[in-house]
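Q: Have a look at this one.
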Amino acid sequence: MLDAGDEGEGLDPWIVRNLSALAELAAPWGEFATGDTLAHGDLRADNILVTNSAARRVLFVDWPHAQLAAPWFDLLGMLPCVRAQGGPDPEATFTAHPLGREVDPDGVTSVLAALAGYFVHQSRQPAPPGLPTLRAFQGAQGEAAVDWLRKRLGPALT
């Protein structure tokens, strides 16, 4: 989550206090996220289009991060964006969905910790040319992912 020399200024104190434990928790995320299902890898509101046709089709666009992953990977990855934009509780949504019901809870927590770390880290980088709002958007997703992770972990980390 932090680059060398980054003292964590402006970060949630919970992240700073628990950084080592969070990094350890996230470390095996790739093992849990591995699978043979085609995953978008970057599902968020601006990559999902609902047509106005009578068929009301949903289209997923912008696929540069397509990969093979666990069947639940895109669901987990999308929920921090949904929450950041005023959507429902990600834990309740994930566990109510058929893809999230029977997943190893430790695997979900590990992948979520890695995703939260990614968003928080990216939000602290300089804005890329032409995308001045990207880092704030990643920051909002990071905040939602960290909140979800904190709820999953409960009193395990304080």
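Letters for chains follow the order of the structure tokens (A, B, ...), residue numbers begin at 1 for each chain, and ligand numbers begin at 1 in the order shown.
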List the spatial neighbours of range 97-112 of chain A as a ChimeraX atom specification - criterion: any atom at most 8 Å away, only C-alpha atoms, same-chain residues fewer than 5 positions off excluded.
A: /A:25-30,32-33,71-72,75-77,145,149,152
Q: When distances are computed from only C-alpha atoms, which of A:Phe119, A:Gly35, A:Asp147, A:Trp63 shows the smallest separation from Arg135 in chain A?
A: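 Closest candidate: A:Phe119.
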Q: Identify which of the residues A:Ala39, A:Val146, A:Ile48, A:Leu79 lies closest to Ala113 in chain A, counting only C-alpha atoms when measuring atom-to-atom distances.
A: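 So, comparing all the options, the nearest one is A:Val146.
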Q: Among range 79-133 of chain A, which residues does DSSP mark as helix (DSSP H, G or I) when it is run on the backbone? Keep the chain and numbering as in the structure and answer as number ranges by chain.
A: A: 79-84, 90-96, 98-101, 105-123
Q: Generate a file of the selected residues that holds N, CA, C and O atoms, formatted as a tab-separated table (two decimals), in the first residue's frame.
A:
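Output contents, as saved in selection25.tsv:
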```tsv
chain	number	residue	atom	x	y	z
A	79	LEU	N	-17.68	-4.83	-6.36
A	79	LEU	CA	-18.48	-4.33	-5.24
A	79	LEU	C	-17.94	-3.08	-4.55
A	79	LEU	O	-18.73	-2.24	-4.11
A	80	PRO	N	-16.63	-2.87	-4.43
A	80	PRO	CA	-16.18	-1.59	-3.86
A	80	PRO	C	-16.62	-0.38	-4.70
A	80	PRO	O	-16.96	0.67	-4.15
A	81	CYS	N	-16.65	-0.53	-6.01
A	81	CYS	CA	-17.13	0.56	-6.87
A	81	CYS	C	-18.62	0.80	-6.64
A	81	CYS	O	-19.06	1.94	-6.51
A	82	VAL	N	-19.37	-0.28	-6.56
A	82	VAL	CA	-20.81	-0.16	-6.32
A	82	VAL	C	-21.06	0.56	-4.99
A	82	VAL	O	-21.87	1.48	-4.91
A	83	ARG	N	-20.33	0.16	-3.97
A	83	ARG	CA	-20.50	0.78	-2.65
A	83	ARG	C	-20.08	2.25	-2.67
A	83	ARG	O	-20.75	3.10	-2.09
A	84	ALA	N	-18.97	2.55	-3.34
A	84	ALA	CA	-18.47	3.92	-3.41
A	84	ALA	C	-19.45	4.85	-4.11
A	84	ALA	O	-19.43	6.06	-3.88
A	90	PRO	N	-21.36	-4.35	0.52
A	90	PRO	CA	-20.72	-5.36	-0.33
A	90	PRO	C	-20.72	-6.76	0.28
A	90	PRO	O	-20.87	-7.74	-0.44
A	91	GLU	N	-20.56	-6.87	1.59
A	91	GLU	CA	-20.55	-8.20	2.21
A	91	GLU	C	-21.90	-8.89	2.03
A	91	GLU	O	-21.97	-10.06	1.64
A	92	ALA	N	-22.97	-8.16	2.29
A	92	ALA	CA	-24.30	-8.74	2.13
A	92	ALA	C	-24.57	-9.10	0.67
A	92	ALA	O	-25.14	-10.17	0.39
A	93	THR	N	-24.15	-8.26	-0.23
A	93	THR	CA	-24.35	-8.52	-1.66
A	93	THR	C	-23.54	-9.73	-2.10
A	93	THR	O	-24.05	-10.61	-2.80
A	94	PHE	N	-22.27	-9.79	-1.68
A	94	PHE	CA	-21.41	-10.90	-2.08
A	94	PHE	C	-21.93	-12.22	-1.56
A	94	PHE	O	-22.03	-13.20	-2.30
A	95	THR	N	-22.27	-12.28	-0.28
A	95	THR	CA	-22.69	-13.55	0.31
A	95	THR	C	-24.10	-13.96	-0.12
A	95	THR	O	-24.44	-15.14	-0.04
A	96	ALA	N	-24.90	-13.02	-0.61
A	96	ALA	CA	-26.23	-13.36	-1.11
A	96	ALA	C	-26.19	-13.87	-2.55
A	96	ALA	O	-27.11	-14.54	-3.00
A	98	PRO	N	-25.12	-16.15	-5.73
A	98	PRO	CA	-24.73	-17.57	-5.87
A	98	PRO	C	-23.22	-17.77	-6.01
A	98	PRO	O	-22.68	-18.76	-5.51
A	99	LEU	N	-22.51	-16.85	-6.64
A	99	LEU	CA	-21.07	-17.01	-6.80
A	99	LEU	C	-20.30	-16.80	-5.50
A	99	LEU	O	-19.18	-17.28	-5.35
A	100	GLY	N	-20.89	-16.08	-4.57
A	100	GLY	CA	-20.20	-15.78	-3.33
A	100	GLY	C	-20.58	-16.67	-2.16
A	100	GLY	O	-19.92	-16.63	-1.12
A	101	ARG	N	-21.59	-17.47	-2.32
A	101	ARG	CA	-22.12	-18.25	-1.19
A	101	ARG	C	-21.19	-19.32	-0.67
A	101	ARG	O	-21.15	-19.57	0.54
A	105	PRO	N	-13.95	-18.44	2.84
A	105	PRO	CA	-13.92	-17.10	3.43
A	105	PRO	C	-12.51	-16.52	3.54
A	105	PRO	O	-12.31	-15.33	3.37
A	106	ASP	N	-11.52	-17.37	3.80
A	106	ASP	CA	-10.15	-16.88	3.87
A	106	ASP	C	-9.67	-16.39	2.50
A	106	ASP	O	-8.92	-15.42	2.41
A	107	GLY	N	-10.11	-17.06	1.46
A	107	GLY	CA	-9.76	-16.63	0.11
A	107	GLY	C	-10.37	-15.29	-0.24
A	107	GLY	O	-9.71	-14.42	-0.82
A	108	VAL	N	-11.62	-15.12	0.11
A	108	VAL	CA	-12.29	-13.84	-0.12
A	108	VAL	C	-11.57	-12.73	0.63
A	108	VAL	O	-11.28	-11.66	0.07
A	109	THR	N	-11.24	-12.98	1.87
A	109	THR	CA	-10.57	-11.96	2.68
A	109	THR	C	-9.20	-11.62	2.10
A	109	THR	O	-8.81	-10.46	2.04
A	110	SER	N	-8.47	-12.61	1.63
A	110	SER	CA	-7.15	-12.38	1.06
A	110	SER	C	-7.25	-11.55	-0.22
A	110	SER	O	-6.51	-10.57	-0.40
A	111	VAL	N	-8.15	-11.92	-1.10
A	111	VAL	CA	-8.30	-11.17	-2.36
A	111	VAL	C	-8.80	-9.77	-2.07
A	111	VAL	O	-8.33	-8.80	-2.68
A	112	LEU	N	-9.71	-9.63	-1.13
A	112	LEU	CA	-10.21	-8.30	-0.76
A	112	LEU	C	-9.09	-7.44	-0.18
A	112	LEU	O	-8.99	-6.26	-0.48
A	113	ALA	N	-8.23	-8.03	0.65
A	113	ALA	CA	-7.11	-7.27	1.21
A	113	ALA	C	-6.17	-6.80	0.09
A	113	ALA	O	-5.69	-5.65	0.11
A	114	ALA	N	-5.92	-7.66	-0.87
A	114	ALA	CA	-5.06	-7.27	-2.01
A	114	ALA	C	-5.72	-6.17	-2.83
A	114	ALA	O	-5.06	-5.20	-3.24
A	115	LEU	N	-7.01	-6.30	-3.08
A	115	LEU	CA	-7.72	-5.29	-3.86
A	115	LEU	C	-7.74	-3.95	-3.13
A	115	LEU	O	-7.49	-2.90	-3.74
A	116	ALA	N	-8.01	-3.98	-1.84
A	116	ALA	CA	-7.99	-2.74	-1.05
A	116	ALA	C	-6.61	-2.10	-1.11
A	116	ALA	O	-6.48	-0.88	-1.30
A	117	GLY	N	-5.58	-2.92	-0.97
A	117	GLY	CA	-4.22	-2.40	-1.06
A	117	GLY	C	-3.92	-1.78	-2.41
A	117	GLY	O	-3.29	-0.72	-2.50
A	118	TYR	N	-4.39	-2.43	-3.46
A	118	TYR	CA	-4.19	-1.89	-4.81
A	118	TYR	C	-4.84	-0.52	-4.94
A	118	TYR	O	-4.20	0.44	-5.40
A	119	PHE	N	-6.10	-0.42	-4.56
A	119	PHE	CA	-6.81	0.85	-4.72
A	119	PHE	C	-6.19	1.96	-3.86
A	119	PHE	O	-6.02	3.09	-4.32
A	120	VAL	N	-5.85	1.64	-2.63
A	120	VAL	CA	-5.25	2.65	-1.76
A	120	VAL	C	-3.90	3.09	-2.33
A	120	VAL	O	-3.61	4.29	-2.41
A	121	HIS	N	-3.09	2.14	-2.75
A	121	HIS	CA	-1.79	2.48	-3.33
A	121	HIS	C	-1.96	3.34	-4.58
A	121	HIS	O	-1.30	4.37	-4.73
A	122	GLN	N	-2.80	2.91	-5.48
A	122	GLN	CA	-2.99	3.66	-6.73
A	122	GLN	C	-3.52	5.07	-6.47
A	122	GLN	O	-3.14	6.02	-7.15
A	123	SER	N	-4.37	5.22	-5.49
A	123	SER	CA	-4.95	6.53	-5.20
A	123	SER	C	-3.90	7.53	-4.73
A	123	SER	O	-4.13	8.74	-4.77
```
Q: As a short mmCIF file (atom, residue, chain, number, x, y, z; two decimals) with N, CA, C and O atoms, in the first residue's frame, which residues of range 2-118 of chain A does DSSP assign to strand (DSSP E or B)?
A:
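And here's part.cif as it stands now:
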```cif
data_model
loop_
_atom_site.label_atom_id
_atom_site.label_comp_id
_atom_site.auth_asym_id
_atom_site.auth_seq_id
_atom_site.Cartn_x
_atom_site.Cartn_y
_atom_site.Cartn_z
N THR A 37 -12.34 -19.34 -15.20
CA THR A 37 -13.47 -18.55 -15.68
C THR A 37 -12.95 -17.25 -16.29
O THR A 37 -12.08 -16.59 -15.72
N LEU A 38 -13.47 -16.89 -17.46
CA LEU A 38 -13.09 -15.62 -18.07
C LEU A 38 -13.57 -14.48 -17.17
O LEU A 38 -14.74 -14.37 -16.85
N ALA A 39 -12.63 -13.65 -16.75
CA ALA A 39 -12.94 -12.51 -15.88
C ALA A 39 -12.59 -11.22 -16.60
O ALA A 39 -11.57 -11.14 -17.29
N ILE A 48 -19.84 -0.98 -17.66
CA ILE A 48 -21.07 -1.75 -17.78
C ILE A 48 -22.13 -0.87 -18.43
O ILE A 48 -22.42 0.22 -17.95
N LEU A 49 -22.67 -1.35 -19.53
CA LEU A 49 -23.70 -0.60 -20.26
C LEU A 49 -24.99 -1.40 -20.29
O LEU A 49 -24.97 -2.59 -20.56
N VAL A 50 -26.09 -0.74 -19.99
CA VAL A 50 -27.41 -1.35 -20.10
C VAL A 50 -28.07 -0.73 -21.31
O VAL A 50 -28.20 0.50 -21.40
N VAL A 58 -27.24 -6.30 -20.99
CA VAL A 58 -26.12 -5.71 -20.27
C VAL A 58 -24.85 -6.06 -21.04
O VAL A 58 -24.63 -7.22 -21.39
N LEU A 59 -24.04 -5.03 -21.32
CA LEU A 59 -22.80 -5.22 -22.05
C LEU A 59 -21.63 -4.82 -21.17
O LEU A 59 -21.66 -3.77 -20.52
N PHE A 60 -20.60 -5.63 -21.16
CA PHE A 60 -19.37 -5.30 -20.44
C PHE A 60 -18.36 -4.84 -21.48
O PHE A 60 -18.09 -5.56 -22.44
N GLN A 67 -8.76 -11.95 -18.05
CA GLN A 67 -7.90 -12.99 -17.50
C GLN A 67 -8.75 -14.18 -17.10
O GLN A 67 -9.97 -14.09 -17.05
N LEU A 68 -8.10 -15.28 -16.81
CA LEU A 68 -8.79 -16.41 -16.21
C LEU A 68 -8.68 -16.25 -14.71
O LEU A 68 -7.60 -15.94 -14.19
N ALA A 69 -9.79 -16.47 -14.01
CA ALA A 69 -9.82 -16.27 -12.56
C ALA A 69 -10.92 -17.13 -11.95
O ALA A 69 -11.66 -17.82 -12.66
#
```
Q: Please determine, counting only C-alpha atoms, which residue among A:Ala21, A:Ala55, A:Val61, A:Ala66 has the shortest atom-to-atom distance to Gly41 in chain A.
A: A:Ala66
Q: Have a look at CA of His40 in chain A and CA of Leu134 in chain A and let me know their distance in Å, one decimal.
A: 18.9 Å
Q: Point out the residue among A:Leu43, A:Ala127, A:Leu157, A:Met78 with the least atom-to-atom distance to Arg17 in chain A, counting only C-alpha atoms.
A: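 Between A:Leu43, A:Ala127, A:Leu157, A:Met78, the residue approaching Arg17 in chain A most closely is A:Leu157.
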Q: Between CA of Gly8 in chain A and CA of Gln125 in chain A, what is the distance in Å, rounded to a tenth?
A: 12.6 Å
Q: Just the number, please: distance in Å from CA of Asp42 in chain A to CA of Pro128 in chain A, one decimal.
A: 17.5 Å
